[in-house]
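File shown: my_file.txt (compact mmCIF, C-alpha atoms and all ligand atoms).
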# COMPACT_ATOMS: atom_id res chain seq x y z
CA MET A 58 17.22 -23.64 83.45
CA ARG A 59 16.43 -24.16 87.11
CA TRP A 60 19.84 -25.40 88.09
CA THR A 61 21.64 -22.09 87.45
CA TRP A 62 19.46 -20.51 90.09
CA PHE A 63 21.68 -21.98 92.78
CA LEU A 64 24.17 -19.24 91.90
CA LEU A 65 21.69 -16.44 92.28
CA PRO A 66 20.65 -16.74 95.93
CA ALA A 67 24.34 -16.72 96.75
CA LEU A 68 24.79 -13.55 94.72
CA ALA A 69 21.68 -11.99 96.20
CA ALA A 70 22.80 -12.78 99.73
CA LEU A 71 26.21 -11.32 99.02
CA SER A 72 24.97 -8.06 97.65
CA GLY A 73 21.75 -7.65 99.63
CA CYS A 74 19.85 -7.55 96.35
CA SER A 75 16.73 -9.41 97.33
CA GLY A 76 13.73 -7.30 98.19
CA ILE A 77 11.13 -4.98 96.77
CA GLN A 78 13.26 -3.47 94.03
CA SER A 79 15.35 -6.32 92.77
CA VAL A 80 15.93 -8.26 89.57
CA VAL A 81 17.03 -11.38 91.46
CA SER A 82 13.78 -11.72 93.37
CA PRO A 83 11.23 -12.09 90.56
CA ALA A 84 7.52 -11.73 91.29
CA GLY A 85 6.37 -11.98 87.70
CA ARG A 86 6.64 -14.17 84.63
CA GLU A 87 8.67 -11.64 82.61
CA ALA A 88 11.18 -11.01 85.39
CA ALA A 89 11.61 -14.77 85.85
CA HIS A 90 12.48 -15.14 82.14
CA LEU A 91 15.06 -12.37 82.43
CA LEU A 92 16.57 -13.90 85.54
CA ASP A 93 16.79 -17.20 83.72
CA LEU A 94 18.72 -15.50 80.92
CA LEU A 95 20.99 -13.86 83.49
CA GLY A 96 21.65 -17.33 84.96
CA TRP A 97 22.70 -18.69 81.54
CA MET A 98 24.95 -15.69 80.93
CA LEU A 99 26.60 -16.12 84.31
CA VAL A 100 27.25 -19.82 83.74
CA VAL A 101 28.57 -19.47 80.19
CA CYS A 102 30.66 -16.38 80.93
CA SER A 103 32.12 -17.74 84.17
CA GLY A 104 33.00 -20.95 82.32
CA MET A 105 34.73 -18.92 79.60
CA TYR A 106 36.56 -16.83 82.16
CA ALA A 107 37.82 -19.93 83.98
CA LEU A 108 39.00 -21.36 80.64
CA VAL A 109 40.88 -18.19 79.71
CA LEU A 110 42.72 -18.28 83.03
CA ALA A 111 43.50 -22.00 82.66
CA PHE A 112 44.76 -21.41 79.12
CA LEU A 113 46.95 -18.58 80.33
CA ALA A 114 48.43 -20.73 83.11
CA TRP A 115 49.06 -23.56 80.66
CA GLY A 116 50.81 -21.17 78.23
CA LEU A 117 53.01 -19.75 80.97
CA ARG A 118 54.04 -23.20 82.07
CA ARG A 119 54.87 -24.25 78.54
CA ARG A 120 56.96 -21.15 78.03
CA HIS A 121 58.76 -21.74 81.29
CA ARG A 122 59.57 -25.32 80.19
CA ALA A 123 60.51 -24.34 76.65
CA THR A 124 63.05 -21.73 77.83
CA ALA A 125 64.63 -23.97 80.51
CA PRO A 126 68.25 -24.95 79.73
CA GLY A 127 68.42 -28.19 77.72
CA ALA A 128 64.74 -28.06 76.62
CA PRO A 129 64.01 -29.74 73.29
CA VAL A 130 63.35 -27.35 70.41
CA VAL A 131 59.69 -27.61 69.25
CA GLU A 132 59.18 -26.86 65.55
CA PRO A 133 55.92 -25.30 64.43
CA PRO A 134 53.25 -26.42 63.78
CA ASP A 135 53.04 -27.38 67.44
CA LYS A 136 50.44 -30.17 67.62
CA GLY A 137 49.46 -29.61 71.28
CA LEU A 138 48.89 -25.91 70.72
CA MET A 139 46.88 -26.40 67.52
CA ARG A 140 44.60 -28.89 69.25
CA ALA A 141 44.07 -26.58 72.22
CA LEU A 142 43.20 -23.70 69.88
CA ALA A 143 40.72 -25.83 67.96
CA ILE A 144 38.98 -26.88 71.20
CA TRP A 145 38.97 -23.28 72.34
CA ALA A 146 37.35 -22.09 69.09
CA GLY A 147 34.78 -24.88 69.39
CA LEU A 148 33.89 -23.86 72.95
CA ILE A 149 33.47 -20.24 71.91
CA VAL A 150 31.05 -21.27 69.15
CA ILE A 151 29.08 -23.48 71.56
CA GLY A 152 28.98 -20.77 74.26
CA LEU A 153 27.81 -18.10 71.83
CA THR A 154 25.19 -20.42 70.35
CA VAL A 155 23.80 -21.14 73.80
CA LEU A 156 23.64 -17.43 74.61
CA ILE A 157 22.04 -16.48 71.29
CA THR A 158 19.42 -19.23 71.63
CA ARG A 159 18.58 -18.36 75.22
CA SER A 160 18.35 -14.68 74.51
CA PHE A 161 16.08 -15.35 71.53
CA VAL A 162 13.82 -17.52 73.71
CA ALA A 163 13.76 -14.88 76.47
CA ASP A 164 12.97 -12.16 73.95
CA ARG A 165 10.08 -14.15 72.47
CA SER A 166 8.66 -14.83 75.90
CA LEU A 167 8.51 -11.08 76.62
CA ALA A 168 6.44 -10.40 73.50
CA VAL A 169 3.19 -8.69 74.39
CA PRO A 170 0.33 -11.13 73.79
CA ARG A 171 -2.77 -10.09 71.89
CA ASP A 172 -4.69 -11.28 74.84
CA HIS A 173 -8.25 -10.04 75.07
CA GLU A 174 -8.29 -11.14 78.67
CA ALA A 175 -5.41 -8.81 79.45
CA LEU A 176 -6.05 -5.82 81.66
CA THR A 177 -5.06 -2.65 79.81
CA ILE A 178 -3.62 0.13 81.95
CA ARG A 179 -2.35 3.45 80.67
CA VAL A 180 0.70 4.78 82.49
CA THR A 181 1.99 8.25 81.64
CA GLY A 182 5.27 9.65 82.91
CA HIS A 183 5.28 13.28 83.99
CA GLN A 184 8.02 15.36 85.57
CA TRP A 185 8.13 13.81 88.26
CA TRP A 186 5.19 11.53 88.86
CA TRP A 187 3.17 8.78 87.17
CA ARG A 188 -0.41 9.16 85.94
CA ILE A 189 -2.21 5.80 85.96
CA GLU A 190 -5.49 5.13 84.18
CA TYR A 191 -7.58 1.97 84.33
CA PRO A 192 -10.23 1.90 81.64
CA THR A 193 -12.87 -0.10 83.47
CA SER A 194 -15.71 -2.17 82.08
CA SER A 195 -17.63 -1.63 78.88
CA ASP A 196 -19.12 1.72 79.87
CA GLY A 197 -15.70 3.27 79.25
CA VAL A 198 -15.35 4.82 82.71
CA VAL A 199 -11.71 5.61 83.38
CA VAL A 200 -10.39 5.31 86.90
CA GLU A 201 -7.43 7.57 87.40
CA THR A 202 -4.87 7.43 90.15
CA ALA A 203 -1.19 8.30 90.50
CA ASN A 204 2.12 6.89 91.68
CA GLU A 205 0.58 3.63 92.81
CA LEU A 206 -0.04 0.74 90.45
CA ARG A 207 -2.21 -2.11 91.68
CA LEU A 208 -2.31 -5.33 89.71
CA PRO A 209 -4.20 -8.60 90.07
CA ALA A 210 -1.96 -11.64 90.56
CA GLY A 211 -1.92 -14.20 87.77
CA ARG A 212 -3.45 -11.97 85.12
CA THR A 213 -1.49 -10.35 82.31
CA ALA A 214 -1.54 -6.56 82.36
CA ARG A 215 -0.89 -4.64 79.16
CA ILE A 216 0.82 -1.44 80.20
CA GLU A 217 0.50 1.29 77.56
CA LEU A 218 3.24 3.76 78.25
CA GLY A 219 3.20 7.41 77.32
CA SER A 220 4.84 10.62 78.41
CA GLY A 221 3.48 14.09 79.03
CA ASP A 222 6.83 15.84 78.61
CA VAL A 223 10.28 14.23 78.27
CA ILE A 224 11.46 10.62 77.98
CA HIS A 225 11.00 8.58 81.16
CA SER A 226 11.49 4.88 81.68
CA PHE A 227 9.10 2.55 83.46
CA TRP A 228 10.97 0.05 85.58
CA VAL A 229 9.64 -2.35 88.20
CA PRO A 230 12.59 -4.76 88.55
CA ASN A 231 10.67 -7.50 90.37
CA LEU A 232 8.15 -7.67 87.53
CA ALA A 233 9.89 -6.93 84.24
CA GLY A 234 12.66 -5.09 82.44
CA LYS A 235 12.72 -1.38 81.61
CA THR A 236 10.59 0.18 78.89
CA ASP A 237 10.90 3.81 77.85
CA ALA A 238 7.95 6.19 78.05
CA ILE A 239 8.39 8.42 75.01
CA PRO A 240 6.33 11.51 74.12
CA GLY A 241 4.10 10.90 71.09
CA ARG A 242 4.62 7.14 71.09
CA ALA A 243 2.82 4.29 72.85
CA ASN A 244 5.23 1.60 73.98
CA VAL A 245 3.51 -1.46 75.32
CA LEU A 246 4.82 -3.75 78.01
CA SER A 247 3.27 -6.87 79.41
CA LEU A 248 3.40 -7.78 83.09
CA THR A 249 2.17 -11.03 84.57
CA PRO A 250 2.65 -10.85 88.34
CA THR A 251 2.87 -14.21 90.05
CA ARG A 252 3.42 -13.22 93.68
CA VAL A 253 1.34 -10.86 95.80
CA GLY A 254 3.09 -8.09 97.72
CA TRP A 255 4.43 -4.56 97.52
CA PHE A 256 7.20 -3.69 95.10
CA ARG A 257 8.99 -0.52 94.13
CA GLY A 258 9.31 0.90 90.66
CA GLN A 259 11.59 3.74 89.68
CA CYS A 260 11.91 5.97 86.63
CA GLY A 261 14.89 4.48 84.83
CA GLU A 262 15.86 7.35 82.52
CA TYR A 263 17.16 10.69 83.73
CA CYS A 264 14.33 13.15 83.19
CA GLY A 265 15.29 16.25 85.16
CA THR A 266 15.98 17.52 88.66
CA GLN A 267 13.64 15.27 90.61
CA HIS A 268 14.20 12.09 88.56
CA ALA A 269 15.33 10.28 91.72
CA HIS A 270 12.01 11.13 93.38
CA MET A 271 9.98 9.53 90.64
CA ALA A 272 9.16 6.24 92.26
CA LEU A 273 6.13 4.03 91.84
CA ASP A 274 4.53 1.85 94.53
CA VAL A 275 3.37 -1.41 93.00
CA ASN A 276 0.93 -3.65 94.81
CA VAL A 277 0.07 -7.11 93.48
CA LEU A 278 -3.21 -8.32 94.97
CA PRO A 279 -5.30 -11.48 94.84
CA PRO A 280 -7.82 -10.91 91.99
CA ALA A 281 -10.85 -10.51 94.27
CA GLU A 282 -9.10 -7.85 96.36
CA PHE A 283 -8.00 -6.10 93.19
CA ASP A 284 -11.58 -5.98 91.90
CA ALA A 285 -12.77 -4.58 95.22
CA TRP A 286 -10.03 -1.95 95.13
CA LEU A 287 -10.86 -0.89 91.57
CA PHE A 288 -14.53 -0.68 92.46
CA GLY A 289 -13.66 1.61 95.38
CA GLN A 290 -11.43 3.78 93.21
CA ALA A 291 -14.19 4.19 90.62
CA ALA A 292 -16.44 5.86 93.19
CA PRO A 293 -16.31 9.65 93.53
CA ALA A 294 -14.71 11.18 96.61
CA LEU A 295 -16.54 10.96 99.89
CA GLY A 296 -18.37 14.11 100.98
CA PRO A 297 -17.43 15.81 104.25
CA GLY A 298 -20.73 14.79 105.90
CA ASP A 299 -21.49 16.83 109.02
CA ASP A 300 -17.86 17.47 109.86
CA ARG A 301 -17.40 21.24 109.66
CA ASP A 302 -13.59 21.10 109.62
CA LEU A 303 -13.61 18.71 106.68
CA ALA A 304 -16.18 20.88 104.94
CA ARG A 305 -13.89 23.87 105.39
CA GLY A 306 -10.92 21.92 104.02
CA ARG A 307 -12.96 20.87 101.02
CA GLU A 308 -14.12 24.42 100.42
CA LEU A 309 -10.53 25.75 100.60
CA PHE A 310 -9.35 23.02 98.28
CA SER A 311 -11.99 23.31 95.63
CA SER A 312 -12.25 27.09 95.55
CA GLY A 313 -8.52 27.82 95.62
CA PRO A 314 -5.65 27.31 93.18
CA CYS A 315 -5.44 23.61 94.06
CA ALA A 316 -8.54 22.90 91.97
CA ALA A 317 -6.86 24.35 88.88
CA CYS A 318 -4.29 21.54 88.86
CA HIS A 319 -5.96 18.59 90.60
CA VAL A 320 -9.04 16.45 90.10
CA VAL A 321 -11.15 15.28 93.01
CA ARG A 322 -14.04 13.47 91.33
CA GLY A 323 -17.32 14.56 92.85
CA THR A 324 -16.17 18.14 93.51
CA GLY A 325 -15.53 21.12 91.26
CA ALA A 326 -11.79 20.36 91.16
CA VAL A 327 -11.06 19.30 87.59
CA GLY A 328 -7.46 20.46 86.88
CA ARG A 329 -5.26 17.98 85.04
CA ALA A 330 -1.75 19.39 85.57
CA GLY A 331 -1.13 17.29 88.68
CA PRO A 332 -2.13 13.90 90.11
CA ASP A 333 -5.76 12.88 90.63
CA LEU A 334 -6.44 13.18 94.36
CA THR A 335 -9.88 11.51 94.51
CA HIS A 336 -8.63 8.69 96.76
CA ILE A 337 -5.29 10.16 97.77
CA ALA A 338 -5.41 8.84 101.34
CA SER A 339 -5.64 5.25 100.10
CA ARG A 340 -2.14 5.54 98.63
CA ARG A 341 0.98 4.51 100.39
CA SER A 342 3.21 7.47 99.68
CA LEU A 343 3.11 11.08 98.59
CA ALA A 344 4.63 12.85 95.61
CA ALA A 345 6.02 9.72 93.88
CA GLY A 346 7.71 8.17 96.89
CA THR A 347 9.02 11.42 98.39
CA LEU A 348 7.15 11.04 101.71
CA PRO A 349 5.12 8.32 103.40
CA MET A 350 1.39 9.06 103.37
CA SER A 351 0.20 10.74 106.55
CA ARG A 352 -1.75 13.78 107.57
CA GLY A 353 1.46 15.46 108.73
CA GLY A 354 3.13 14.63 105.42
CA LEU A 355 0.18 16.09 103.52
CA GLN A 356 0.25 19.25 105.59
CA GLY A 357 3.99 19.70 105.07
CA TRP A 358 3.65 19.05 101.34
CA ILE A 359 0.77 21.50 100.91
CA ALA A 360 2.54 24.20 102.94
CA ASN A 361 5.82 23.96 101.07
CA PRO A 362 6.29 21.37 98.31
CA GLN A 363 9.38 23.20 97.03
CA ALA A 364 11.17 22.54 100.31
CA LEU A 365 10.41 18.80 100.21
CA LYS A 366 10.94 18.19 96.49
CA PRO A 367 12.90 21.17 95.16
CA GLY A 368 12.00 21.99 91.58
CA THR A 369 8.71 20.05 91.63
CA LEU A 370 6.12 21.44 89.23
CA MET A 371 3.72 22.00 92.12
CA PRO A 372 4.28 25.60 93.20
CA THR A 373 4.28 26.63 96.85
CA VAL A 374 0.84 28.22 97.21
CA SER A 375 0.80 30.94 99.84
CA ILE A 376 -1.53 29.65 102.48
CA THR A 377 -1.75 29.91 106.27
CA PRO A 378 -0.67 26.88 108.32
CA ALA A 379 -4.24 26.56 109.61
CA ASP A 380 -5.61 26.41 106.07
CA ALA A 381 -2.91 23.92 105.02
CA ASP A 382 -3.96 21.78 107.98
CA ALA A 383 -7.64 22.00 107.08
CA ILE A 384 -6.89 20.92 103.51
CA ALA A 385 -4.62 18.12 104.80
CA ALA A 386 -7.43 16.91 107.06
CA TYR A 387 -9.84 16.90 104.14
CA LEU A 388 -7.42 15.09 101.81
CA SER A 389 -6.62 12.49 104.45
CA SER A 390 -10.33 11.67 104.65
CA LEU A 391 -10.30 10.71 100.95
CA ARG A 392 -9.74 6.98 101.21
C1 LIG B 401 0.32 24.54 89.14
C2 LIG B 401 -0.36 23.32 89.44
C3 LIG B 401 -0.55 22.89 90.87
C4 LIG B 401 -1.17 23.59 91.90
C5 LIG B 401 -1.71 25.02 91.89
C6 LIG B 401 -1.23 22.68 93.01
N1 LIG B 401 -0.65 21.48 92.69
FE1 LIG B 401 -0.52 19.84 93.87
N2 LIG B 401 0.63 18.94 92.50
C7 LIG B 401 0.95 19.45 91.25
C8 LIG B 401 1.91 18.58 90.62
C9 LIG B 401 2.53 18.78 89.24
C10 LIG B 401 2.15 17.51 91.52
C11 LIG B 401 3.12 16.36 91.35
C12 LIG B 401 4.36 16.78 92.05
C13 LIG B 401 5.47 15.78 92.09
O1 LIG B 401 5.27 14.67 92.60
O2 LIG B 401 6.59 16.14 91.67
C14 LIG B 401 1.33 17.78 92.68
C15 LIG B 401 1.23 16.92 93.77
C16 LIG B 401 0.33 17.08 94.80
C17 LIG B 401 0.08 16.09 95.83
C18 LIG B 401 0.69 14.71 95.93
C19 LIG B 401 -0.09 13.78 95.06
C20 LIG B 401 0.37 12.36 95.03
O3 LIG B 401 -0.14 11.61 94.20
O4 LIG B 401 1.22 11.96 95.81
C21 LIG B 401 -0.85 16.63 96.67
C22 LIG B 401 -1.47 15.99 97.89
C23 LIG B 401 -1.16 17.95 96.17
N3 LIG B 401 -0.44 18.18 95.03
C24 LIG B 401 -2.06 18.82 96.76
C25 LIG B 401 -2.23 20.16 96.35
C26 LIG B 401 -2.99 21.14 97.10
C27 LIG B 401 -3.72 20.87 98.38
C28 LIG B 401 -2.89 22.31 96.39
C29 LIG B 401 -3.45 23.67 96.78
C30 LIG B 401 -2.91 24.23 97.99
C31 LIG B 401 -2.11 22.05 95.20
N4 LIG B 401 -1.73 20.74 95.22
C32 LIG B 401 -1.81 22.98 94.24
C33 LIG B 401 0.45 20.60 90.69
C34 LIG B 401 -0.21 21.59 91.40
CU CU B 402 13.32 9.94 85.31

Take the structure I supplied and represent it as structure tokens, if you would.
Amino acid sequence: MRWTWFLLPALAALSGCSGIQSVVSPAGREAAHLLDLLGWMLVVCSGMYALVLAFLAWGLRRRHRATAPGAPVVEPPDKGLMRALAIWAGLIVIGLTVLITRSFVADRSLAVPRDHEALTIRVTGHQWWWRIEYPTSSDGVVVETANELRLPAGRTARIELGSGDVIHSFWVPNLAGKTDAIPGRANVLSLTPTRVGWFRGQCGEYCGTQHAHMALDVNVLPPAEFDAWLFGQAAPALGPGDDRDLARGRELFSSGPCAACHVVRGTGAVGRAGPDLTHIASRRSLAAGTLPMSRGGLQGWIANPQALKPGTLMPTVSITPADADAIAAYLSSLR
């Protein structure tokens, strides 16, 4: 129903809702269906509201007239009132029928297709970050990344949601509605992005202290750029080459406690408790949207994650500032 959309830009302008984390600025097929349903609800419910007020005003006027001195006595059944009530009941039935039909249609259009062309991506919620796995090609190689979901425009993605601990909720308002990520259960959500750009997702279910810092950067790319990105992510981490500082950073990283919790493919670091860092420097932000990605941000995070994201499950490892800097330099070379 295109014509209800004229209400929505007005609403969006009023509330400043348009943007990278917004239900009124859809960038995907599913979000557009939901916005359409919202438009119908607004129209039907505002119509009903206006009618209730009109009915109330009419009743007040009638009462005013009926109690005026010399007013004729009206015996029940009052014909005017009965007719108004019948029309009112009819409008309620029509309004509810419209809403039920539209919501059924919207619900059907969100059904996950059994589309063999769909790109399957596994997304797992953890306290307080997102593990993202792209099973690539037929050889079964899995590309893992974290906190940044890249999607090709125009192609349906089947998001298989899981959780490593408590219930989280996957929510990228510009693309689709919320779906819970529940331990021991695979909920599936389909996303068909239609517009390229950066969007912001956010865990939508309180999951502990740092729930607010459990964001997700979402980047919709033209298909060819997406393929190039995935190809790059599938490669192991770059070696330090001749750079002795980078080599020292890599040595500190892969021989210390970091390697017990993080994977950097191509090195001895194979821990799975935290995010995969193989191409960490290619991401836009750090620690699920807590900091923008930069060498300084990395150094600060490595030196004292508990100060930046209190309660995070990454402990503050005791390390000298020089070592933290060397590791930060190494990690920021991992594009
Ligand atoms: C006990 C396990 C553990 C150890 C040890 C550990 N980390 Fe982490 N690390 C985590 C967890 C869990 C997260 C996710 C934190 C969050 O976002 O709340 C994380 C997040 C990170 C991130 C941000 C990743 C992203 O996707 O934004 C970086 C970078 C990082 N760790 C580097 C290090 C380095 C360097 C060391 C060694 C000095 C280290 N970690 C030691 C568990 C660990
Ligand atoms: Cu949460």

Next on the checklist: Using all atoms listed in the file, can you tell me which of A:Tyr263, A:Trp228, A:Trp186, A:Tyr387 comes closest to ligand LIG 401 (chain B)?
Outcome noted: A:Trp186

Show me which residues sit within 8 Å of ligand CU 402 (chain B) when counting only C-alpha atoms and all ligand atoms, and put them as an mmCIF file with C-alpha atoms, keeping the file's coordinate frame.
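Everything below was put into result.cif:
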data_model
loop_
_atom_site.group_PDB
_atom_site.id
_atom_site.type_symbol
_atom_site.label_atom_id
_atom_site.label_comp_id
_atom_site.auth_asym_id
_atom_site.auth_seq_id
_atom_site.Cartn_x
_atom_site.Cartn_y
_atom_site.Cartn_z
ATOM 1 C CA GLN A 184 8.020 15.360 85.570
ATOM 2 C CA TRP A 185 8.130 13.810 88.260
ATOM 3 C CA ILE A 224 11.460 10.620 77.980
ATOM 4 C CA HIS A 225 11.000 8.580 81.160
ATOM 5 C CA SER A 226 11.490 4.880 81.680
ATOM 6 C CA GLN A 259 11.590 3.740 89.680
ATOM 7 C CA CYS A 260 11.910 5.970 86.630
ATOM 8 C CA GLY A 261 14.890 4.480 84.830
ATOM 9 C CA GLU A 262 15.860 7.350 82.520
ATOM 10 C CA TYR A 263 17.160 10.690 83.730
ATOM 11 C CA CYS A 264 14.330 13.150 83.190
ATOM 12 C CA GLY A 265 15.290 16.250 85.160
ATOM 13 C CA GLN A 267 13.640 15.270 90.610
ATOM 14 C CA HIS A 268 14.200 12.090 88.560
ATOM 15 C CA ALA A 269 15.330 10.280 91.720
ATOM 16 C CA MET A 271 9.980 9.530 90.640
#

Item to check | Pick from A:Trp145, A:Phe283, A:Phe256, A:Trp358, whichever lies nearest to ligand LIG 401 (chain B) using all atoms listed in the file | outcome: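 Closest to ligand LIG 401 (chain B) of all the choices is A:Trp358.
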
Next on the checklist: Please return as a PyMOL selection string the residues found within 7 Å of ligand LIG 401 (chain B), counting all atoms listed in the file.
Outcome noted: chain A and resi 184-186+203-204+310+313-315+317-319+330-334+337+342-345+355+358-359+366+369-372+374+384

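Contact shell of A:Ala338 at 8 Å (all atoms listed in the file; same-chain neighbours under 3 positions omitted): A:Arg341, A:Met350, A:Ser351, A:Leu388, A:Ser389, A:Ser390, A:Leu391, A:Arg392.
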
Mind dumping the selected residues with C-alpha atoms as a compact mmCIF listing (two decimals), in the coordinates of the input?
# COMPACT_ATOMS: atom_id res chain seq x y z
CA ARG A 341 0.98 4.51 100.39
CA MET A 350 1.39 9.06 103.37
CA SER A 351 0.20 10.74 106.55
CA LEU A 388 -7.42 15.09 101.81
CA SER A 389 -6.62 12.49 104.45
CA SER A 390 -10.33 11.67 104.65
CA LEU A 391 -10.30 10.71 100.95
CA ARG A 392 -9.74 6.98 101.21

Checklist entry - What separation in Å, quoted to one decimal, exists between atom CA of A:Asp380 and atom CA of A:Pro297? => result 16.0 Å
